[in-house]
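Text of my_file_0.csv (CSV, C-alpha atoms) as supplied:
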chain,number,residue,atom,x,y,z
A,4,MET,CA,50.7,16.8,-3.5
A,5,PHE,CA,51.2,13.4,-5.2
A,6,ARG,CA,52.7,12.0,-1.9
A,7,PHE,CA,49.7,13.3,0.0
A,8,LEU,CA,47.4,11.6,-2.5
A,9,LEU,CA,49.2,8.3,-2.2
A,10,VAL,CA,49.0,8.5,1.6
A,11,ARG,CA,45.3,9.1,1.5
A,12,ILE,CA,44.7,6.2,-0.9
A,13,ALA,CA,46.8,3.9,1.2
A,14,SER,CA,44.9,4.8,4.4
A,15,ALA,CA,41.6,4.2,2.6
A,16,ILE,CA,42.4,0.6,1.8
A,17,PRO,CA,42.0,-0.8,5.4
A,18,VAL,CA,38.9,1.3,5.9
A,19,LEU,CA,37.3,-0.2,2.8
A,20,PHE,CA,38.2,-3.7,4.0
A,21,VAL,CA,36.6,-3.1,7.4
A,22,LEU,CA,33.5,-1.6,5.7
A,23,SER,CA,33.2,-4.7,3.4
A,24,VAL,CA,33.4,-7.0,6.4
A,25,VAL,CA,30.8,-5.1,8.4
A,26,THR,CA,28.5,-4.7,5.4
A,27,PHE,CA,28.6,-8.4,4.6
A,28,ALA,CA,28.0,-9.4,8.2
A,29,ILE,CA,25.0,-7.1,8.6
A,30,ILE,CA,23.4,-8.3,5.4
A,31,GLN,CA,23.7,-11.9,6.5
A,32,ALA,CA,22.5,-11.2,10.0
A,33,PRO,CA,18.7,-11.6,9.3
A,34,PRO,CA,17.6,-15.3,9.2
A,35,GLY,CA,17.1,-16.9,5.8
A,36,ASP,CA,18.7,-16.6,2.4
A,37,TYR,CA,17.8,-17.0,-1.3
A,38,SER,CA,17.1,-20.7,-0.8
A,39,ASP,CA,14.2,-19.8,1.5
A,40,TYR,CA,12.8,-17.6,-1.3
A,41,ILE,CA,13.1,-20.6,-3.6
A,42,ARG,CA,11.2,-22.7,-1.1
A,43,SER,CA,8.4,-20.2,-0.7
A,44,GLN,CA,8.0,-19.8,-4.4
A,45,LEU,CA,7.8,-23.6,-5.0
A,46,ILE,CA,5.1,-23.9,-2.3
A,47,ASN,CA,3.1,-20.9,-3.3
A,48,GLN,CA,3.0,-21.9,-6.9
A,49,GLY,CA,1.6,-25.3,-5.8
A,50,GLY,CA,4.0,-27.3,-7.8
A,51,ALA,CA,5.8,-29.1,-4.9
A,52,SER,CA,5.0,-30.4,-1.5
A,53,PHE,CA,6.8,-29.1,1.6
A,54,GLU,CA,9.2,-32.0,1.5
A,55,GLU,CA,10.0,-31.5,-2.2
A,56,ALA,CA,10.4,-27.8,-1.7
A,57,ASP,CA,12.8,-28.3,1.2
A,58,ALA,CA,14.8,-30.8,-0.8
A,59,GLN,CA,15.1,-28.5,-3.8
A,60,ALA,CA,15.9,-25.5,-1.7
A,61,GLN,CA,18.6,-27.4,0.1
A,62,ALA,CA,20.1,-28.6,-3.2
A,63,TYR,CA,20.1,-25.0,-4.4
A,64,LYS,CA,21.8,-23.8,-1.3
A,65,VAL,CA,24.6,-26.4,-1.6
A,66,ALA,CA,25.0,-25.8,-5.3
A,67,HIS,CA,25.6,-22.0,-4.8
A,68,GLY,CA,27.6,-22.3,-1.6
A,69,LEU,CA,25.0,-20.8,0.7
A,70,ASP,CA,25.5,-23.7,3.1
A,71,LYS,CA,29.0,-22.7,3.9
A,72,PRO,CA,30.0,-20.7,7.0
A,73,LEU,CA,29.7,-16.9,6.8
A,74,PRO,CA,33.5,-16.3,6.9
A,75,VAL,CA,34.0,-18.7,4.0
A,76,GLN,CA,31.3,-17.0,2.0
A,77,TYR,CA,32.9,-13.6,2.6
A,78,VAL,CA,36.4,-14.8,1.7
A,79,ASN,CA,35.2,-16.4,-1.5
A,80,TRP,CA,33.4,-13.2,-2.4
A,81,ILE,CA,36.2,-10.7,-1.6
A,82,THR,CA,38.8,-13.0,-3.2
A,83,GLY,CA,36.8,-13.1,-6.4
A,84,ILE,CA,36.7,-9.3,-6.4
A,85,VAL,CA,40.4,-8.8,-5.7
A,86,THR,CA,41.8,-11.5,-8.0
A,87,ARG,CA,39.3,-11.6,-10.9
A,88,GLY,CA,37.1,-8.6,-10.6
A,89,ASP,CA,34.2,-11.0,-10.1
A,90,PHE,CA,31.5,-9.7,-7.7
A,91,GLY,CA,29.6,-13.0,-7.7
A,92,HIS,CA,26.5,-14.2,-9.4
A,93,SER,CA,23.1,-12.7,-8.8
A,94,LEU,CA,20.7,-15.5,-7.8
A,95,PHE,CA,17.6,-13.4,-8.4
A,96,TYR,CA,18.6,-11.8,-11.8
A,97,ASN,CA,20.4,-15.0,-12.8
A,98,LYS,CA,23.4,-13.1,-14.2
A,99,PRO,CA,26.7,-11.7,-13.0
A,100,VAL,CA,26.4,-9.1,-10.3
A,101,ALA,CA,28.7,-6.8,-12.3
A,102,ASP,CA,26.1,-6.8,-15.1
A,103,VAL,CA,23.4,-5.8,-12.6
A,104,VAL,CA,25.5,-3.0,-11.2
A,105,GLY,CA,26.7,-1.9,-14.6
A,106,GLU,CA,23.1,-1.5,-15.8
A,107,ARG,CA,21.9,0.6,-12.9
A,108,LEU,CA,24.9,2.3,-11.3
A,109,PRO,CA,25.7,4.7,-14.2
A,110,ARG,CA,22.1,6.1,-14.1
A,111,THR,CA,22.3,6.6,-10.4
A,112,LEU,CA,25.7,8.3,-10.5
A,113,ALA,CA,24.5,10.6,-13.3
A,114,LEU,CA,21.4,11.7,-11.4
A,115,ALA,CA,23.5,12.1,-8.2
A,116,LEU,CA,26.1,14.2,-10.0
A,117,VAL,CA,23.4,16.5,-11.5
A,118,CYS,CA,21.9,16.9,-8.0
A,119,HIS,CA,25.3,17.6,-6.5
A,120,ILE,CA,26.1,20.3,-9.1
A,121,LEU,CA,22.7,22.0,-8.7
A,122,ALA,CA,22.8,21.7,-4.9
A,123,SER,CA,26.3,23.3,-4.7
A,124,VAL,CA,25.7,26.1,-7.2
A,125,ILE,CA,22.2,27.1,-5.9
A,126,GLY,CA,23.0,26.4,-2.3
A,127,ILE,CA,26.1,28.6,-2.2
A,128,THR,CA,24.4,31.3,-4.2
A,129,PHE,CA,21.5,31.3,-1.7
A,130,GLY,CA,23.9,31.3,1.2
A,131,VAL,CA,25.7,34.4,-0.1
A,132,LEU,CA,22.3,36.2,-0.7
A,133,ALA,CA,21.0,35.3,2.7
A,134,ALA,CA,24.2,36.4,4.5
A,135,THR,CA,24.6,39.7,2.7
A,136,ARG,CA,20.9,40.5,3.3
A,137,GLN,CA,20.7,39.3,6.9
A,138,TYR,CA,17.3,39.5,8.6
A,139,SER,CA,15.6,40.8,5.4
A,140,TRP,CA,12.7,39.1,3.7
A,141,VAL,CA,15.2,37.4,1.3
A,142,ASP,CA,17.0,35.9,4.3
A,143,SER,CA,13.7,34.7,5.8
A,144,LEU,CA,12.5,33.2,2.6
A,145,LEU,CA,15.7,31.3,1.8
A,146,SER,CA,16.0,30.2,5.4
A,147,GLY,CA,12.5,28.8,5.2
A,148,ILE,CA,13.4,26.8,2.1
A,149,SER,CA,16.5,25.5,3.9
A,150,PHE,CA,14.5,24.5,6.9
A,151,LEU,CA,12.0,22.5,4.7
A,152,GLY,CA,14.8,20.8,2.8
A,153,MET,CA,16.5,19.6,6.0
A,154,THR,CA,13.4,18.5,7.9
A,155,VAL,CA,10.9,17.1,5.5
A,156,PRO,CA,11.7,13.4,4.7
A,157,ARG,CA,12.5,12.8,1.1
A,158,PHE,CA,10.3,9.8,0.8
A,159,LEU,CA,7.4,11.9,2.0
A,160,MET,CA,8.0,14.6,-0.6
A,161,ALA,CA,8.2,11.8,-3.2
A,162,LEU,CA,4.9,10.4,-2.1
A,163,ILE,CA,3.2,13.8,-2.3
A,164,ILE,CA,4.6,14.4,-5.8
A,165,VAL,CA,3.5,11.0,-7.0
A,166,TYR,CA,0.0,11.6,-5.6
A,167,VAL,CA,-0.3,15.0,-7.3
A,168,LEU,CA,1.1,13.7,-10.7
A,169,VAL,CA,-1.2,10.6,-10.8
A,170,PHE,CA,-4.5,11.9,-9.3
A,171,HIS,CA,-4.4,15.6,-10.4
A,172,PHE,CA,-2.4,15.5,-13.7
A,173,ASN,CA,-3.3,11.9,-14.8
A,174,VAL,CA,0.4,11.0,-15.4
A,175,THR,CA,0.7,7.3,-16.0
A,176,GLU,CA,4.4,6.8,-16.9
A,177,ILE,CA,6.3,7.6,-13.7
A,178,ASN,CA,8.3,4.4,-13.3
A,179,SER,CA,10.7,4.7,-16.2
A,180,PHE,CA,13.1,7.2,-17.7
A,181,HIS,CA,11.3,7.5,-21.0
A,182,SER,CA,7.8,7.4,-22.5
A,183,ALA,CA,6.9,4.3,-24.5
A,184,ARG,CA,7.4,6.1,-27.9
A,185,TYR,CA,11.0,7.1,-26.9
A,186,GLY,CA,12.0,3.8,-25.3
A,187,GLY,CA,14.1,2.5,-28.2
A,188,ALA,CA,14.5,5.7,-30.2
A,189,PRO,CA,17.9,7.3,-30.8
A,190,TRP,CA,18.9,10.3,-28.8
A,191,SER,CA,17.3,13.6,-29.9
A,192,TRP,CA,16.1,16.8,-28.3
A,193,GLY,CA,12.6,15.4,-27.9
A,194,LYS,CA,14.0,12.3,-26.1
A,195,PHE,CA,16.0,14.5,-23.8
A,196,VAL,CA,13.0,16.6,-22.9
A,197,ASP,CA,11.0,13.4,-22.2
A,198,LEU,CA,13.8,12.2,-19.9
A,199,VAL,CA,13.7,15.5,-18.0
A,200,LYS,CA,9.9,15.2,-17.6
A,201,HIS,CA,10.4,11.7,-16.0
A,202,VAL,CA,13.4,12.4,-13.7
A,203,TRP,CA,12.8,16.0,-12.5
A,204,PRO,CA,11.0,14.9,-9.3
A,205,VAL,CA,14.0,12.8,-8.3
A,206,ILE,CA,16.5,15.6,-9.1
A,207,ALA,CA,14.4,18.2,-7.3
A,208,ILE,CA,13.9,16.2,-4.1
A,209,ALA,CA,17.5,15.0,-3.9
A,210,THR,CA,18.8,18.5,-4.7
A,211,LEU,CA,16.7,20.2,-2.0
A,212,GLY,CA,18.4,18.4,0.9
A,213,GLY,CA,22.0,19.2,-0.4
A,214,LEU,CA,21.0,22.8,-1.3
A,215,ALA,CA,19.6,23.3,2.3
A,216,TYR,CA,22.9,22.2,3.9
A,217,ASN,CA,25.1,24.2,1.5
A,218,MET,CA,23.0,27.3,2.1
A,219,ARG,CA,23.0,27.0,5.9
A,220,VAL,CA,26.8,26.4,6.1
A,221,MET,CA,27.6,29.1,3.6
A,222,ARG,CA,25.4,31.7,5.3
A,223,GLY,CA,26.8,31.0,8.8
A,224,ASN,CA,30.5,31.0,7.7
A,225,LEU,CA,30.1,34.0,5.5
A,226,LEU,CA,28.5,36.0,8.3
A,227,ASP,CA,31.5,35.2,10.5
A,228,THR,CA,33.9,36.0,7.7
A,229,LEU,CA,32.3,39.4,7.0
A,230,ASN,CA,33.2,40.5,10.5
A,231,ALA,CA,36.8,39.5,10.2
A,232,GLN,CA,39.5,42.1,10.5
A,233,TYR,CA,40.9,41.6,7.0
A,234,VAL,CA,37.5,42.2,5.5
A,235,GLU,CA,37.2,45.4,7.5
A,236,THR,CA,40.6,46.4,6.1
A,237,ALA,CA,39.5,45.7,2.6
A,238,ARG,CA,36.5,47.9,3.1
A,239,ALA,CA,38.7,50.6,4.6
A,240,LYS,CA,40.8,50.6,1.4
A,241,GLY,CA,37.7,51.7,-0.5
A,242,LEU,CA,36.8,48.5,-2.2
A,243,SER,CA,33.2,48.1,-3.2
A,244,GLU,CA,31.0,45.8,-1.1
A,245,GLY,CA,30.7,43.4,-4.0
A,246,ALA,CA,34.4,43.1,-4.4
A,247,VAL,CA,34.9,42.7,-0.6
A,248,VAL,CA,32.4,39.8,-0.5
A,249,MET,CA,33.4,38.0,-3.7
A,250,ARG,CA,37.2,38.4,-3.6
A,251,HIS,CA,37.9,38.2,0.2
A,252,ALA,CA,35.0,36.8,2.2
A,253,VAL,CA,33.5,34.1,-0.1
A,254,PRO,CA,36.7,32.2,-0.8
A,255,ASN,CA,37.5,31.8,2.9
A,256,ALA,CA,33.9,30.9,3.8
A,257,LEU,CA,34.1,28.0,1.3
A,258,HIS,CA,36.5,25.8,3.3
A,259,PRO,CA,33.8,24.0,5.4
A,260,LEU,CA,31.9,23.3,2.2
A,261,VAL,CA,35.0,21.8,0.5
A,262,MET,CA,35.3,19.4,3.5
A,263,TYR,CA,31.6,18.6,3.1
A,264,GLN,CA,32.2,17.4,-0.5
A,265,GLY,CA,33.7,14.2,1.0
A,266,VAL,CA,30.2,13.0,2.1
A,267,VAL,CA,28.0,14.9,-0.4
A,268,LEU,CA,28.1,12.3,-3.2
A,269,PRO,CA,27.0,9.4,-0.9
A,270,TYR,CA,24.3,11.8,0.5
A,271,MET,CA,23.1,12.6,-3.0
A,272,LEU,CA,23.2,8.9,-3.8
A,273,THR,CA,21.0,8.0,-0.8
A,274,GLY,CA,18.7,10.8,-1.7
A,275,GLU,CA,18.3,9.5,-5.2
A,276,ILE,CA,17.9,6.0,-3.9
A,277,GLU,CA,15.1,6.9,-1.6
A,278,THR,CA,13.2,8.8,-4.2
A,279,ALA,CA,13.8,6.3,-7.0
A,280,ILE,CA,12.3,3.6,-4.8
A,281,ILE,CA,9.1,5.6,-4.6
A,282,PHE,CA,9.1,6.2,-8.3
A,283,ALA,CA,10.2,2.7,-9.1
A,284,LEU,CA,12.9,3.9,-11.5
A,285,PRO,CA,15.4,1.3,-12.7
A,286,THR,CA,18.3,2.6,-10.7
A,287,VAL,CA,20.2,1.3,-7.6
A,288,GLY,CA,17.5,1.9,-5.1
A,289,PRO,CA,14.9,-0.6,-6.3
A,290,ALA,CA,17.6,-3.1,-7.0
A,291,ILE,CA,18.9,-2.9,-3.4
A,292,VAL,CA,15.4,-3.3,-1.9
A,293,GLY,CA,14.6,-6.2,-4.2
A,294,SER,CA,17.8,-8.0,-3.5
A,295,MET,CA,17.4,-7.6,0.2
A,296,TRP,CA,13.8,-8.8,0.0
A,297,VAL,CA,14.7,-12.1,-1.7
A,298,GLY,CA,18.1,-12.6,0.0
A,299,ASP,CA,20.3,-12.0,-3.0
A,300,VAL,CA,23.3,-11.3,-0.8
A,301,TYR,CA,26.0,-10.6,-3.4
A,302,VAL,CA,23.9,-7.9,-5.2
A,303,THR,CA,23.2,-6.1,-1.9
A,304,ALA,CA,26.8,-6.4,-0.7
A,305,THR,CA,28.2,-5.1,-3.9
A,306,PHE,CA,25.9,-2.1,-4.0
A,307,MET,CA,26.8,-1.3,-0.4
A,308,LEU,CA,30.5,-1.7,-1.2
A,309,VAL,CA,30.1,0.7,-4.2
A,310,LEU,CA,28.5,3.3,-1.9
A,311,SER,CA,31.3,2.9,0.5
A,312,VAL,CA,33.8,3.4,-2.3
A,313,THR,CA,32.0,6.6,-3.3
A,314,LEU,CA,32.3,7.9,0.3
A,315,ILE,CA,36.1,7.2,0.4
A,316,VAL,CA,36.7,8.6,-3.1
A,317,GLY,CA,34.7,11.7,-2.2
A,318,ASN,CA,36.8,12.2,1.0
A,319,ILE,CA,40.0,11.9,-1.0
A,320,ILE,CA,38.7,14.5,-3.6
A,321,ALA,CA,37.7,16.8,-0.8
A,322,ASP,CA,41.1,16.5,0.8
A,323,MET,CA,42.8,17.4,-2.5
A,324,LEU,CA,40.6,20.4,-3.0
A,325,LEU,CA,41.2,21.6,0.5
A,326,ALA,CA,44.9,21.1,0.1
A,327,ALA,CA,44.8,23.2,-3.1
A,328,LEU,CA,42.9,26.0,-1.1
A,329,ASP,CA,45.0,25.7,2.0
A,330,PRO,CA,48.5,24.2,1.5
A,331,ARG,CA,49.0,23.9,5.3
A,332,VAL,CA,47.0,20.6,5.1
A,333,LEU,CA,49.9,19.0,3.2
A,334,SER,CA,52.4,19.6,6.0
A,335,SER,CA,50.2,19.2,9.1
A,336,PRO,CA,49.2,15.6,10.0
A,337,GLY,CA,47.4,17.0,13.0
A,338,LEU,CA,45.2,19.2,10.9
A,339,GLN,CA,44.4,16.3,8.6
A,340,PHE,CA,43.3,14.3,11.7
A,341,VAL,CA,41.1,17.1,12.9
A,342,LEU,CA,39.5,17.4,9.5
A,343,THR,CA,38.8,13.7,9.5
A,344,LEU,CA,37.2,13.9,12.9
A,345,LYS,CA,35.0,16.8,11.8
A,346,ARG,CA,33.6,14.7,8.9
A,347,VAL,CA,32.9,11.9,11.2

Any chance you could put this one into structure tokens?
Amino acid sequence: MFRFLLVRIASAIPVLFVLSVVTFAIIQAPPGDYSDYIRSQLINQGGASFEEADAQAQAYKVAHGLDKPLPVQYVNWITGIVTRGDFGHSLFYNKPVADVVGERLPRTLALALVCHILASVIGITFGVLAATRQYSWVDSLLSGISFLGMTVPRFLMALIIVYVLVFHFNVTEINSFHSARYGGAPWSWGKFVDLVKHVWPVIAIATLGGLAYNMRVMRGNLLDTLNAQYVETARAKGLSEGAVVMRHAVPNALHPLVMYQGVVLPYMLTGEIETAIIFALPTVGPAIVGSMWVGDVYVTATFMLVLSVTLIVGNIIADMLLAALDPRVLSSPGLQFVLTLKRV
């Protein structure tokens, strides 16, 4: 198992390198950079002429290395990460990128983890209920919920909830984690309840998409498993239907969901990011949009690199879980390759 883990980590390093190159190149593809934002700010504020604004913007570009070729900028950025753990300096926030990420990423990961746990537990439970009550009203209701979760855009659900909260319930504090009275207060039960009141729309929307996928996959695989010969044999031995389902069918129907865990965390992160942008919560989503808007390249590239790392780490964890369920993965490189293709 340990050798299998080392091989997976070693194979992830070149993938991460390629992702960093592609991400940095795509971010730099649009014309303009942060110096153009500086120029526009100087002109719009009326404190400088066009010539003075151009001169100050050019001086800013030279001082921060934005005038260097793209490969040089990438090498400087990636070298700083590898050798010093330095992700660069945020031009917009005027502080190290690591501080910007450190402030917002833990909140995002915490919300995504909560959404992942809820989506897995509820989705698998719904899938089992739907499969064991095929074509009943329970199956129809749960399938309808799954259909809505997979088809309705998350940003649209967020906009609808914002409209209802603001115009029908007169909610005014939707762009923060806490109300004003709990902002600097120590943790208490009241502060926790206040936190839940502010973040429940984000959790509900992000959870619904993962729940829908988990339910559909679990339902389909469990229906196939319930018709397998070993399940019929278990029934013939006189086991109760509940024991047949939970002891024999469900564990074998979980394999595709275990493989899905490799991409579920980035999926939950993107769901949280989309929703947090609508609610303007101080998480990764608004920071990415803001940094892309002003051309703060290193903030955007670092956040994209972090999301790539979560995808790779998620795949490694999924492989380890799958290896624990099915030891054949450890001794079958061909099976590992097939599993990788299925994820792609």

Got a sec: who's within 8 Å of stretch 296-306 of chain A, counting all atoms listed in the file, leaving out chain neighbours fewer than 5 positions off, as a ChimeraX atom specification?
/A:23,26-27,30-31,35-37,40,80,90-95,100,103-104,287,291

Please produce an output containing C-alpha atoms for each residue in the selection, written as a PDB file, in the coordinates of the input.
ATOM      1  CA  SER A  23      33.200  -4.700   3.400  1.00  0.00           C
ATOM      2  CA  THR A  26      28.500  -4.700   5.400  1.00  0.00           C
ATOM      3  CA  PHE A  27      28.600  -8.400   4.600  1.00  0.00           C
ATOM      4  CA  ILE A  30      23.400  -8.300   5.400  1.00  0.00           C
ATOM      5  CA  GLN A  31      23.700 -11.900   6.500  1.00  0.00           C
ATOM      6  CA  GLY A  35      17.100 -16.900   5.800  1.00  0.00           C
ATOM      7  CA  ASP A  36      18.700 -16.600   2.400  1.00  0.00           C
ATOM      8  CA  TYR A  37      17.800 -17.000  -1.300  1.00  0.00           C
ATOM      9  CA  TYR A  40      12.800 -17.600  -1.300  1.00  0.00           C
ATOM     10  CA  TRP A  80      33.400 -13.200  -2.400  1.00  0.00           C
ATOM     11  CA  PHE A  90      31.500  -9.700  -7.700  1.00  0.00           C
ATOM     12  CA  GLY A  91      29.600 -13.000  -7.700  1.00  0.00           C
ATOM     13  CA  HIS A  92      26.500 -14.200  -9.400  1.00  0.00           C
ATOM     14  CA  SER A  93      23.100 -12.700  -8.800  1.00  0.00           C
ATOM     15  CA  LEU A  94      20.700 -15.500  -7.800  1.00  0.00           C
ATOM     16  CA  PHE A  95      17.600 -13.400  -8.400  1.00  0.00           C
ATOM     17  CA  VAL A 100      26.400  -9.100 -10.300  1.00  0.00           C
ATOM     18  CA  VAL A 103      23.400  -5.800 -12.600  1.00  0.00           C
ATOM     19  CA  VAL A 104      25.500  -3.000 -11.200  1.00  0.00           C
ATOM     20  CA  VAL A 287      20.200   1.300  -7.600  1.00  0.00           C
ATOM     21  CA  ILE A 291      18.900  -2.900  -3.400  1.00  0.00           C
TER      22      ILE A 291
END

Out of A:Gly126, A:Gly186, A:Pro156, A:Gly223, which residue has the shortest atom-to-atom distance to A:Ile208 when counting all atoms listed in the file?
A:Pro156

I'd like the contact shell of stretch 170-180 of chain A - 9 Å cut-off, all atoms listed in the file, skipping same-chain residues fewer than 5 positions apart - returned as a PyMOL selection string.
chain A and resi 165+186+197-202+279+281-285

Nearest-residue call for A:Phe150, choices A:Val75, A:Met218, A:Val169, A:Val253, using all atoms listed in the file:
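Checking each candidate against A:Phe150, we get A:Met218 as the closest.
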
Find the residues around A:Ala60 up to 10 Å (only C-alpha atoms counted), leave out those fewer than 4 positions away in its own chain, and share them as number ranges by chain.
A: 37-43, 45, 54-56, 64-66

Kindly write C-alpha atoms of stretch 165-187 of chain A from the structure just given to a file, as a short mmCIF file (atom, residue, chain, number, x, y, z; two decimals), in the first residue's frame.
data_model
loop_
_atom_site.label_atom_id
_atom_site.label_comp_id
_atom_site.auth_asym_id
_atom_site.auth_seq_id
_atom_site.Cartn_x
_atom_site.Cartn_y
_atom_site.Cartn_z
CA VAL A 165 -30.84 36.32 -2.47
CA TYR A 166 -34.00 37.85 -3.98
CA VAL A 167 -36.27 36.02 -1.55
CA LEU A 168 -34.12 36.84 1.50
CA VAL A 169 -33.75 40.53 0.66
CA PHE A 170 -37.17 41.43 -0.73
CA HIS A 171 -39.42 39.06 1.20
CA PHE A 172 -37.65 38.56 4.53
CA ASN A 173 -35.81 41.92 4.68
CA VAL A 174 -32.44 40.27 5.36
CA THR A 175 -29.68 42.87 5.12
CA GLU A 176 -26.52 41.02 6.22
CA ILE A 177 -25.91 38.42 3.52
CA ASN A 178 -22.33 39.26 2.55
CA SER A 179 -20.56 38.14 5.72
CA PHE A 180 -20.23 35.13 7.98
CA HIS A 181 -21.58 36.88 11.07
CA SER A 182 -23.90 39.65 12.09
CA ALA A 183 -22.37 42.91 13.32
CA ARG A 184 -22.86 42.06 17.00
CA TYR A 185 -20.98 38.74 16.63
CA GLY A 186 -18.15 40.06 14.44
CA GLY A 187 -15.46 40.27 17.12
#
